[in-house]
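Pasting target.txt here (compact mmCIF, C-alpha atoms and all ligand atoms):
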```txt
# COMPACT_ATOMS: atom_id res chain seq x y z
CA MET A 1 93.29 78.77 103.73
CA ILE A 2 90.42 80.98 102.55
CA LYS A 3 90.53 84.56 103.83
CA PHE A 4 86.99 85.65 104.72
CA TYR A 5 86.39 89.40 105.02
CA TYR A 6 83.31 89.88 107.11
CA SER A 7 81.16 91.69 109.64
CA GLY A 8 78.04 90.49 111.46
CA ALA A 9 75.70 91.96 108.80
CA PRO A 10 73.29 89.78 106.76
CA ASN A 11 75.35 89.35 103.58
CA PRO A 12 78.55 88.20 105.35
CA MET A 13 76.50 85.92 107.59
CA LYS A 14 75.25 83.88 104.59
CA VAL A 15 78.85 83.19 103.62
CA ALA A 16 79.86 82.42 107.23
CA LEU A 17 77.05 79.84 107.26
CA MET A 18 78.31 78.20 104.05
CA LEU A 19 81.92 78.16 105.27
CA GLU A 20 80.79 76.53 108.50
CA GLU A 21 78.49 74.06 106.73
CA THR A 22 81.22 72.91 104.34
CA GLY A 23 83.93 72.71 106.99
CA LEU A 24 86.38 74.53 104.70
CA ALA A 25 89.39 75.99 106.51
CA TYR A 26 89.13 79.76 106.64
CA GLU A 27 90.55 82.76 108.39
CA PRO A 28 87.93 85.35 109.40
CA ILE A 29 89.20 88.89 108.85
CA PRO A 30 86.99 91.61 110.36
CA VAL A 31 86.06 94.63 108.26
CA ASP A 32 84.58 97.13 110.68
CA THR A 33 82.24 99.07 108.42
CA ARG A 34 81.28 101.48 111.23
CA LYS A 35 84.95 102.50 111.41
CA GLY A 36 85.31 102.78 107.62
CA ASP A 37 87.54 99.72 107.02
CA GLN A 38 85.60 99.02 103.80
CA HIS A 39 87.07 102.16 102.20
CA LYS A 40 90.72 101.36 102.92
CA PRO A 41 92.79 100.91 99.74
CA GLU A 42 93.88 97.39 100.71
CA TYR A 43 90.23 96.31 101.05
CA LEU A 44 89.13 98.13 97.88
CA ALA A 45 91.73 96.08 96.01
CA ILE A 46 89.71 93.01 97.06
CA ASN A 47 86.21 94.46 96.74
CA PRO A 48 86.01 97.69 94.74
CA ASN A 49 82.38 97.98 95.87
CA ALA A 50 83.52 98.72 99.47
CA LYS A 51 81.09 96.24 101.04
CA VAL A 52 81.33 92.98 102.92
CA PRO A 53 81.66 90.06 102.36
CA ALA A 54 84.58 89.08 100.14
CA ILE A 55 86.87 86.07 100.08
CA VAL A 56 90.37 85.42 98.81
CA ASP A 57 91.03 81.77 97.97
CA GLY A 58 94.53 81.40 96.52
CA ASP A 59 94.50 83.58 93.43
CA ALA A 60 90.69 83.73 93.32
CA VAL A 61 89.11 86.91 94.68
CA VAL A 62 85.33 86.81 95.00
CA PHE A 63 82.97 89.49 96.27
CA ASP A 64 79.17 89.75 96.51
CA SER A 65 77.61 87.25 98.88
CA ASN A 66 75.61 85.17 96.42
CA ALA A 67 78.55 84.97 94.03
CA ILE A 68 80.61 83.64 96.93
CA LEU A 69 77.93 81.07 97.80
CA LEU A 70 77.96 79.85 94.21
CA TYR A 71 81.77 79.82 94.09
CA LEU A 72 81.99 77.77 97.30
CA GLY A 73 79.19 75.47 96.15
CA GLU A 74 80.98 74.80 92.87
CA LYS A 75 84.34 74.42 94.60
CA THR A 76 83.09 71.83 97.10
CA GLY A 77 80.14 70.30 95.23
CA LYS A 78 78.22 70.66 98.51
CA PHE A 79 74.76 72.18 99.07
CA MET A 80 74.20 72.32 95.32
CA PRO A 81 71.35 70.75 93.33
CA ALA A 82 72.12 68.12 90.69
CA ASN A 83 73.79 69.70 87.67
CA THR A 84 70.89 69.42 85.21
CA PRO A 85 69.71 72.35 83.09
CA LYS A 86 66.37 72.35 84.94
CA LEU A 87 67.85 72.48 88.43
CA ARG A 88 70.67 74.81 87.44
CA GLY A 89 68.06 77.18 86.01
CA GLU A 90 66.12 77.09 89.28
CA LEU A 91 69.29 77.57 91.32
CA LEU A 92 70.34 80.64 89.34
CA SER A 93 66.85 82.15 89.29
CA TRP A 94 66.34 81.94 93.04
CA LEU A 95 69.89 82.96 93.88
CA MET A 96 69.55 86.08 91.69
CA PHE A 97 66.06 86.75 93.07
CA VAL A 98 67.48 86.89 96.58
CA ALA A 99 70.50 88.96 95.45
CA SER A 100 68.58 91.51 93.41
CA GLY A 101 65.21 91.56 95.20
CA VAL A 102 65.02 90.22 98.74
CA GLY A 103 68.34 91.70 99.89
CA PRO A 104 68.12 95.21 98.42
CA PHE A 105 64.43 95.78 99.21
CA SER A 106 64.58 94.49 102.77
CA GLY A 107 67.86 96.39 103.26
CA GLN A 108 66.24 99.64 102.11
CA SER A 109 63.16 98.97 104.22
CA ILE A 110 65.41 98.62 107.28
CA HIS A 111 67.33 101.74 106.27
CA PHE A 112 64.24 103.94 106.02
CA ARG A 113 62.68 102.50 109.19
CA GLN A 114 65.75 102.53 111.43
CA PHE A 115 68.44 104.82 110.05
CA ALA A 116 67.09 107.55 107.77
CA PRO A 117 67.14 110.93 109.55
CA GLU A 118 63.60 111.69 108.36
CA LYS A 119 60.59 109.35 108.30
CA ILE A 120 59.48 109.69 104.69
CA PRO A 121 56.06 107.98 104.29
CA TYR A 122 56.51 107.37 100.54
CA ALA A 123 59.90 105.65 101.01
CA LEU A 124 58.76 103.72 104.08
CA ASN A 125 55.75 102.33 102.24
CA ARG A 126 57.51 101.63 98.96
CA TYR A 127 60.28 99.55 100.55
CA ALA A 128 58.04 97.86 103.11
CA TYR A 129 55.62 96.95 100.29
CA GLU A 130 58.40 95.51 98.14
CA ALA A 131 60.08 93.69 101.05
CA GLN A 132 56.73 92.16 102.00
CA ARG A 133 56.03 91.17 98.38
CA HIS A 134 59.40 89.44 98.09
CA PHE A 135 59.02 87.62 101.43
CA ALA A 136 55.55 86.48 100.34
CA ILE A 137 56.99 84.94 97.16
CA LEU A 138 59.48 82.94 99.24
CA ASP A 139 56.73 81.96 101.68
CA ALA A 140 54.45 80.70 98.91
CA ARG A 141 57.23 78.54 97.50
CA LEU A 142 58.06 77.15 100.92
CA ALA A 143 54.39 76.29 101.46
CA LYS A 144 54.78 73.72 98.68
CA GLN A 145 58.19 72.29 99.47
CA LYS A 146 60.61 71.97 102.37
CA TYR A 147 63.50 73.93 100.86
CA MET A 148 63.81 76.54 98.13
CA LEU A 149 64.91 73.98 95.53
CA GLY A 150 62.84 71.01 96.70
CA ASN A 151 63.77 68.41 99.28
CA THR A 152 67.41 69.35 99.77
CA TYR A 153 69.04 72.16 101.74
CA THR A 154 71.15 74.25 99.33
CA ILE A 155 72.99 77.55 99.02
CA VAL A 156 69.68 79.20 98.07
CA ASP A 157 68.32 78.44 101.54
CA MET A 158 71.48 79.95 103.03
CA ALA A 159 70.99 83.10 100.94
CA VAL A 160 67.36 83.30 102.12
CA TRP A 161 68.39 82.79 105.76
CA GLY A 162 70.87 85.69 105.61
CA TRP A 163 68.20 88.32 104.99
CA CYS A 164 65.03 86.69 106.26
CA ARG A 165 66.30 86.49 109.82
CA LEU A 166 65.62 90.23 109.67
CA VAL A 167 61.95 90.11 108.62
CA PRO A 168 60.89 91.92 111.86
CA ASN A 169 63.51 94.64 111.28
CA ALA A 170 62.20 95.19 107.76
CA LEU A 171 58.47 95.03 108.51
CA GLY A 172 57.92 95.27 112.26
CA GLU A 173 57.67 92.88 115.20
CA GLN A 174 54.34 91.30 114.27
CA SER A 175 55.28 90.55 110.67
CA TRP A 176 56.39 86.92 111.09
CA SER A 177 52.73 85.85 111.32
CA LYS A 178 52.37 86.64 107.59
CA PHE A 179 55.15 84.23 106.55
CA PRO A 180 54.81 80.96 108.53
CA ASN A 181 56.60 78.82 105.94
CA LEU A 182 59.50 81.21 105.63
CA LYS A 183 59.73 81.33 109.43
CA ARG A 184 59.84 77.55 109.54
CA LEU A 185 62.88 77.54 107.21
CA VAL A 186 64.67 80.39 109.01
CA ASP A 187 64.13 78.72 112.40
CA GLU A 188 65.31 75.36 111.10
CA ILE A 189 68.51 76.85 109.69
CA SER A 190 69.14 79.03 112.78
CA ALA A 191 69.04 75.88 114.92
CA ARG A 192 71.79 74.20 112.87
CA PRO A 193 75.19 74.10 114.64
CA ALA A 194 76.82 75.71 111.58
CA ALA A 195 74.44 78.69 111.81
CA GLN A 196 75.17 79.07 115.48
CA ARG A 197 78.91 79.04 114.80
CA ALA A 198 78.40 81.57 111.97
CA VAL A 199 76.50 83.96 114.23
CA ALA A 200 79.07 83.49 117.02
CA LEU A 201 81.76 84.72 114.63
CA ARG A 202 80.57 88.28 115.32
CA ASP A 203 81.84 87.92 118.87
CA LYS A 204 85.30 86.82 117.76
CA HIS A 205 86.20 90.42 117.06
CA LYS A 206 85.10 93.55 118.79
CA PHE A 207 83.11 95.31 116.08
CA LYS A 208 82.11 98.88 116.82
CA ALA A 209 78.58 98.95 118.24
CA GLU A 210 77.79 102.68 118.26
CA PHE A 211 76.25 104.30 115.22
CA ASP A 212 77.97 107.63 115.69
CA GLU A 213 79.24 110.32 113.33
CA GLU A 214 82.23 108.20 112.24
CA ALA A 215 79.87 105.31 111.36
CA ARG A 216 77.47 107.61 109.55
CA LYS A 217 80.30 109.09 107.49
CA ALA A 218 81.61 105.63 106.59
CA MET A 219 78.28 104.01 105.72
CA PHE A 220 76.01 106.85 104.59
CA ARG A 221 78.33 108.87 102.43
CA HIS A 222 75.39 110.20 100.40
CA MET A 223 74.51 112.45 103.34
CA ASP A 224 77.59 114.56 102.66
CA ILE A 225 77.56 114.49 98.85
CA LYS A 226 74.64 115.87 96.89
CA VAL A 227 74.16 114.24 93.49
CA ALA A 228 70.52 115.05 92.84
N1 LIG B 1 75.52 92.86 96.89
C1 LIG B 1 76.40 92.81 98.01
C2 LIG B 1 75.94 93.76 99.06
C3 LIG B 1 76.92 93.84 100.22
C4 LIG B 1 76.46 94.79 101.31
O1 LIG B 1 75.58 95.65 101.09
N2 LIG B 1 77.07 94.65 102.47
C5 LIG B 1 76.77 95.50 103.60
C6 LIG B 1 76.59 94.62 104.84
S1 LIG B 1 75.18 93.53 104.63
C7 LIG B 1 77.93 96.44 103.83
O2 LIG B 1 79.07 96.12 103.58
N3 LIG B 1 77.65 97.66 104.31
C8 LIG B 1 78.66 98.62 104.60
C9 LIG B 1 78.49 99.90 103.81
O3 LIG B 1 77.48 100.03 103.10
O4 LIG B 1 79.36 100.76 103.91
C10 LIG B 1 76.46 91.38 98.57
O5 LIG B 1 75.49 90.63 98.41
O6 LIG B 1 77.49 91.00 99.12
```

If you convert what's in this file into structure tokens, what do you get?
Ligand SMILES: N[C@@H](CCC(=O)N[C@@H](CS)C(=O)NCC(=O)O)C(=O)O
Amino acid sequence: MIKFYYSGAPNPMKVALMLEETGLAYEPIPVDTRKGDQHKPEYLAINPNAKVPAIVDGDAVVFDSNAILLYLGEKTGKFMPANTPKLRGELLSWLMFVASGVGPFSGQSIHFRQFAPEKIPYALNRYAYEAQRHFAILDARLAKQKYMLGNTYTIVDMAVWGWCRLVPNALGEQSWSKFPNLKRLVDEISARPAAQRAVALRDKHKFKAEFDEEARKAMFRHMDIKVA
């Protein structure tokens, strides 16, 4: 039985979607990041980066959401493109693009819009610009084909879904109109029963809702430690 360490945030939700899509047996274990569970020694032994998600599958310990998607794809052979150098190259490129571009830039855009104590115009514009640029790259690809890797739904689409559900949080309420093809994919995946079960997982445990001082200290540790 796979142990799945999660919260309702975008990166864990991608993995919840894949677990639900594959039908693998798993035990969801909540990590309440607003209470600081991610910094507990027993969790750091699983993910030294103190973030969710992570999985433990027998003696395999895997952290970082896109690494977990790839691990589960390889383990099951499901939601993966054919194993040719061409398709494997595309798979890795787009998976890394989401991991290193879409996720971090949209995450920072949300941070500076919704959480930063000051509204810093330079930071707001830099991250909004980069988030928008990344979403536009996905949108242009999806204008030409149904899914990120062609005609088949794969782990890359799941990675895209995780963050792109939050386009309005990253860029504002009206922003979906700029990415109709991306919206089509996000809506299609959100309507899948597996996605609905993944999202419902958040309600299985009572995660802390308030963003109070305890949450700030757990998630924004830089506010108490000056390094620059
Ligand atoms: N690269 C990591 C990033 C994980 C990540 O940033 N997780 C967020 C939730 S989406 C988290 O754990 N935040 C809690 C914190 O920063 O303390 C991945 O893709 O899994």

Determine, counting all atoms listed in the file, which protein, DNA and RNA residues have an atom within 12 Å of an atom of Gly73 in chain A; residues of the same chain fewer than 2 positions away are not included. Present the result as a PDB file with C-alpha atoms, keeping the file's coordinate frame.
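Generated file (part-v2.pdb):
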```
ATOM      1  CA  VAL A  15      78.850  83.190 103.620  1.00  0.00           C
ATOM      2  CA  MET A  18      78.310  78.200 104.050  1.00  0.00           C
ATOM      3  CA  LEU A  19      81.920  78.160 105.270  1.00  0.00           C
ATOM      4  CA  GLU A  21      78.490  74.060 106.730  1.00  0.00           C
ATOM      5  CA  THR A  22      81.220  72.910 104.340  1.00  0.00           C
ATOM      6  CA  LEU A  24      86.380  74.530 104.700  1.00  0.00           C
ATOM      7  CA  ASN A  66      75.610  85.170  96.420  1.00  0.00           C
ATOM      8  CA  ALA A  67      78.550  84.970  94.030  1.00  0.00           C
ATOM      9  CA  ILE A  68      80.610  83.640  96.930  1.00  0.00           C
ATOM     10  CA  LEU A  69      77.930  81.070  97.800  1.00  0.00           C
ATOM     11  CA  LEU A  70      77.960  79.850  94.210  1.00  0.00           C
ATOM     12  CA  TYR A  71      81.770  79.820  94.090  1.00  0.00           C
ATOM     13  CA  LYS A  75      84.340  74.420  94.600  1.00  0.00           C
ATOM     14  CA  THR A  76      83.090  71.830  97.100  1.00  0.00           C
ATOM     15  CA  GLY A  77      80.140  70.300  95.230  1.00  0.00           C
ATOM     16  CA  LYS A  78      78.220  70.660  98.510  1.00  0.00           C
ATOM     17  CA  PHE A  79      74.760  72.180  99.070  1.00  0.00           C
ATOM     18  CA  MET A  80      74.200  72.320  95.320  1.00  0.00           C
ATOM     19  CA  PRO A  81      71.350  70.750  93.330  1.00  0.00           C
ATOM     20  CA  ALA A  82      72.120  68.120  90.690  1.00  0.00           C
ATOM     21  CA  ASN A  83      73.790  69.700  87.670  1.00  0.00           C
ATOM     22  CA  LEU A  91      69.290  77.570  91.320  1.00  0.00           C
ATOM     23  CA  THR A 154      71.150  74.250  99.330  1.00  0.00           C
ATOM     24  CA  ILE A 155      72.990  77.550  99.020  1.00  0.00           C
ATOM     25  CA  VAL A 156      69.680  79.200  98.070  1.00  0.00           C
ATOM     26  CA  MET A 158      71.480  79.950 103.030  1.00  0.00           C
TER      27      MET A 158
END
```

Could you check how far CA of Gly23 in chain A sits from CA of Asp157 in chain A, in Å to one decimal?
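Atom-to-atom, CA of Gly23 in chain A to CA of Asp157 in chain A, that is 17.5 Å.
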
Compare A:Glu130, A:Asp64, A:Glu210, A:Glu188 by their minimum atom-to-atom distance to ligand LIG 1 (chain B), counting only C-alpha atoms and all ligand atoms, and give me the closest one.
A:Asp64

Got a sec: who's within 10 Å of Phe220 in chain A, counting all atoms listed in the file, leaving out chain neighbours fewer than 5 positions off, as a list in words?
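Counting only the stated atoms, we get Phe115, Ala116, Glu213, Glu214, Ala215 and Ile225 of chain A.
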
As a list in words, please: the residues near range 40-53 of chain A (cut-off 7 Å, only C-alpha atoms, same-chain neighbours under 4 positions excluded).
Tyr5, Tyr6, Ser7, Asn11, Pro12, Val61, Phe63, Asp64 and Ser65 of chain A

With only C-alpha atoms and all ligand atoms as the basis for distance, which of A:Leu142, A:Ala218, A:Met148, A:Leu201 is at the shortest distance from ligand LIG 1 (chain B)?
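Of A:Leu142, A:Ala218, A:Met148, A:Leu201, the one nearest ligand LIG 1 (chain B) is A:Ala218, counting only C-alpha atoms and all ligand atoms.
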
Counting only C-alpha atoms, what is within 12 Å of Phe112 in chain A, bar same-chain residues fewer than 5 positions away, as a PyMOL selection string?
chain A and resi 105-107+117-128+169-171

Take CA of Asp37 in chain A and CA of Glu20 in chain A and report the distance between them in Å, one decimal.
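Here the two named atoms are 24.2 Å from each other.
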
Contacts of Ala200 in chain A at 12 Å or less, counting all atoms listed in the file, minus same-chain residues fewer than 6 places along, as a list in words?
Ser7, Gly8, Met13, Ala16, Leu17, Glu20, Pro28, Ser190, Pro193, Ala194 and Lys206 of chain A

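With all atoms listed in the file as the basis for measurement, A:Trp161 is the residue among A:Tyr147, A:Trp176, A:Trp161, A:Phe97 that approaches Ala198 in chain A most closely.
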
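Put simply, CA of Val56 in chain A is 22.0 Å away from CA of Met96 in chain A.
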
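The nearest approach to ligand LIG 1 (chain B) among the residues A:Arg192, A:Arg133, A:Lys226, A:Lys217, with all atoms listed in the file taken into account, belongs to A:Lys217.
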
Between A:Ala140, A:Ala159, A:Leu72, A:Met223, which one has atoms that come closest to ligand LIG 1 (chain B), using all atoms listed in the file?
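Nearest to ligand LIG 1 (chain B): A:Ala159.
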
Would you please work out which residue, of A:Ala228, A:Leu149, A:Ala60, A:Ala9, is nearest to Thr33 in chain A when using all atoms listed in the file?
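Result for the nearest residue to Thr33 in chain A: A:Ala9.
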
Got a moment to write range 142-153 of chain A out with all heavy atoms, as a tab-separated table (two decimals), in the first residue's frame?
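Output file result.tsv follows:
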```tsv
chain	number	residue	atom	x	y	z
A	142	LEU	N	-1.55	23.51	-26.89
A	142	LEU	CA	-2.87	22.87	-26.83
A	142	LEU	C	-3.82	23.40	-27.91
A	142	LEU	O	-4.89	22.85	-28.12
A	142	LEU	CB	-3.48	23.06	-25.43
A	142	LEU	CG	-2.74	22.26	-24.34
A	142	LEU	CD1	-3.14	22.74	-22.95
A	142	LEU	CD2	-3.00	20.75	-24.49
A	143	ALA	N	-3.41	24.46	-28.59
A	143	ALA	CA	-4.19	24.93	-29.76
A	143	ALA	C	-3.99	23.97	-30.92
A	143	ALA	O	-4.82	23.88	-31.82
A	143	ALA	CB	-3.75	26.34	-30.15
A	144	LYS	N	-2.87	23.25	-30.90
A	144	LYS	CA	-2.53	22.38	-32.05
A	144	LYS	C	-2.88	20.93	-31.81
A	144	LYS	O	-2.89	20.12	-32.72
A	144	LYS	CB	-1.01	22.47	-32.33
A	144	LYS	CG	-0.58	23.85	-32.82
A	144	LYS	CD	0.87	23.87	-33.21
A	144	LYS	CE	1.75	23.69	-32.00
A	144	LYS	NZ	3.10	24.01	-32.03
A	145	GLN	N	-3.06	20.56	-30.56
A	145	GLN	CA	-3.31	19.14	-30.24
A	145	GLN	C	-4.15	19.05	-28.97
A	145	GLN	O	-4.18	19.99	-28.17
A	145	GLN	CB	-2.00	18.39	-30.09
A	145	GLN	CG	-1.06	18.97	-29.07
A	145	GLN	CD	0.36	18.44	-29.20
A	145	GLN	OE1	0.94	18.40	-30.28
A	145	GLN	NE2	0.91	18.00	-28.07
A	146	LYS	N	-4.80	17.89	-28.81
A	146	LYS	CA	-5.75	17.75	-27.71
A	146	LYS	C	-5.05	17.73	-26.35
A	146	LYS	O	-5.49	18.35	-25.39
A	146	LYS	CB	-6.56	16.46	-27.92
A	146	LYS	CG	-7.71	16.32	-26.97
A	146	LYS	CD	-8.74	15.31	-27.44
A	146	LYS	CE	-9.90	15.33	-26.45
A	146	LYS	NZ	-10.46	14.05	-26.18
A	147	TYR	N	-3.96	16.99	-26.27
A	147	TYR	CA	-3.25	16.84	-24.99
A	147	TYR	C	-1.80	17.30	-25.17
A	147	TYR	O	-1.31	17.46	-26.28
A	147	TYR	CB	-3.29	15.38	-24.53
A	147	TYR	CG	-4.70	14.91	-24.21
A	147	TYR	CD1	-5.36	14.01	-25.05
A	147	TYR	CD2	-5.38	15.39	-23.09
A	147	TYR	CE1	-6.65	13.59	-24.78
A	147	TYR	CE2	-6.68	14.98	-22.81
A	147	TYR	CZ	-7.31	14.07	-23.65
A	147	TYR	OH	-8.59	13.68	-23.37
A	148	MET	N	-1.09	17.44	-24.07
A	148	MET	CA	0.27	17.97	-24.13
A	148	MET	C	1.20	17.12	-25.00
A	148	MET	O	2.13	17.64	-25.60
A	148	MET	CB	0.84	18.12	-22.71
A	148	MET	CG	0.28	19.30	-21.94
A	148	MET	SD	0.51	20.88	-22.78
A	148	MET	CE	2.29	21.00	-22.85
A	149	LEU	N	0.97	15.80	-25.03
A	149	LEU	CA	1.86	14.97	-25.84
A	149	LEU	C	1.17	14.43	-27.10
A	149	LEU	O	1.64	13.45	-27.68
A	149	LEU	CB	2.43	13.81	-25.00
A	149	LEU	CG	3.29	14.23	-23.79
A	149	LEU	CD1	3.93	13.02	-23.13
A	149	LEU	CD2	4.38	15.23	-24.17
A	150	GLY	N	0.06	14.99	-27.48
A	150	GLY	CA	-0.59	14.53	-28.72
A	150	GLY	C	-2.04	14.19	-28.48
A	150	GLY	O	-2.80	14.99	-27.96
A	151	ASN	N	-2.38	12.91	-28.85
A	151	ASN	CA	-3.79	12.53	-28.76
A	151	ASN	C	-4.14	11.80	-27.47
A	151	ASN	O	-5.28	11.39	-27.30
A	151	ASN	CB	-4.16	11.60	-29.93
A	151	ASN	CG	-4.11	12.38	-31.22
A	151	ASN	OD1	-4.47	13.56	-31.23
A	151	ASN	ND2	-3.62	11.76	-32.28
A	152	THR	N	-3.14	11.57	-26.62
A	152	THR	CA	-3.39	10.74	-25.44
A	152	THR	C	-3.14	11.52	-24.15
A	152	THR	O	-2.15	12.26	-24.05
A	152	THR	CB	-2.44	9.51	-25.45
A	152	THR	OG1	-2.23	9.13	-26.79
A	152	THR	CG2	-3.01	8.36	-24.66
A	153	TYR	N	-4.02	11.30	-23.21
A	153	TYR	CA	-3.94	11.90	-21.87
A	153	TYR	C	-2.79	11.23	-21.11
A	153	TYR	O	-2.75	10.01	-20.97
A	153	TYR	CB	-5.29	11.63	-21.21
A	153	TYR	CG	-5.46	11.98	-19.75
A	153	TYR	CD1	-5.12	13.22	-19.24
A	153	TYR	CD2	-6.06	11.05	-18.89
A	153	TYR	CE1	-5.35	13.53	-17.90
A	153	TYR	CE2	-6.30	11.35	-17.55
A	153	TYR	CZ	-5.93	12.60	-17.06
A	153	TYR	OH	-6.16	12.90	-15.75
```
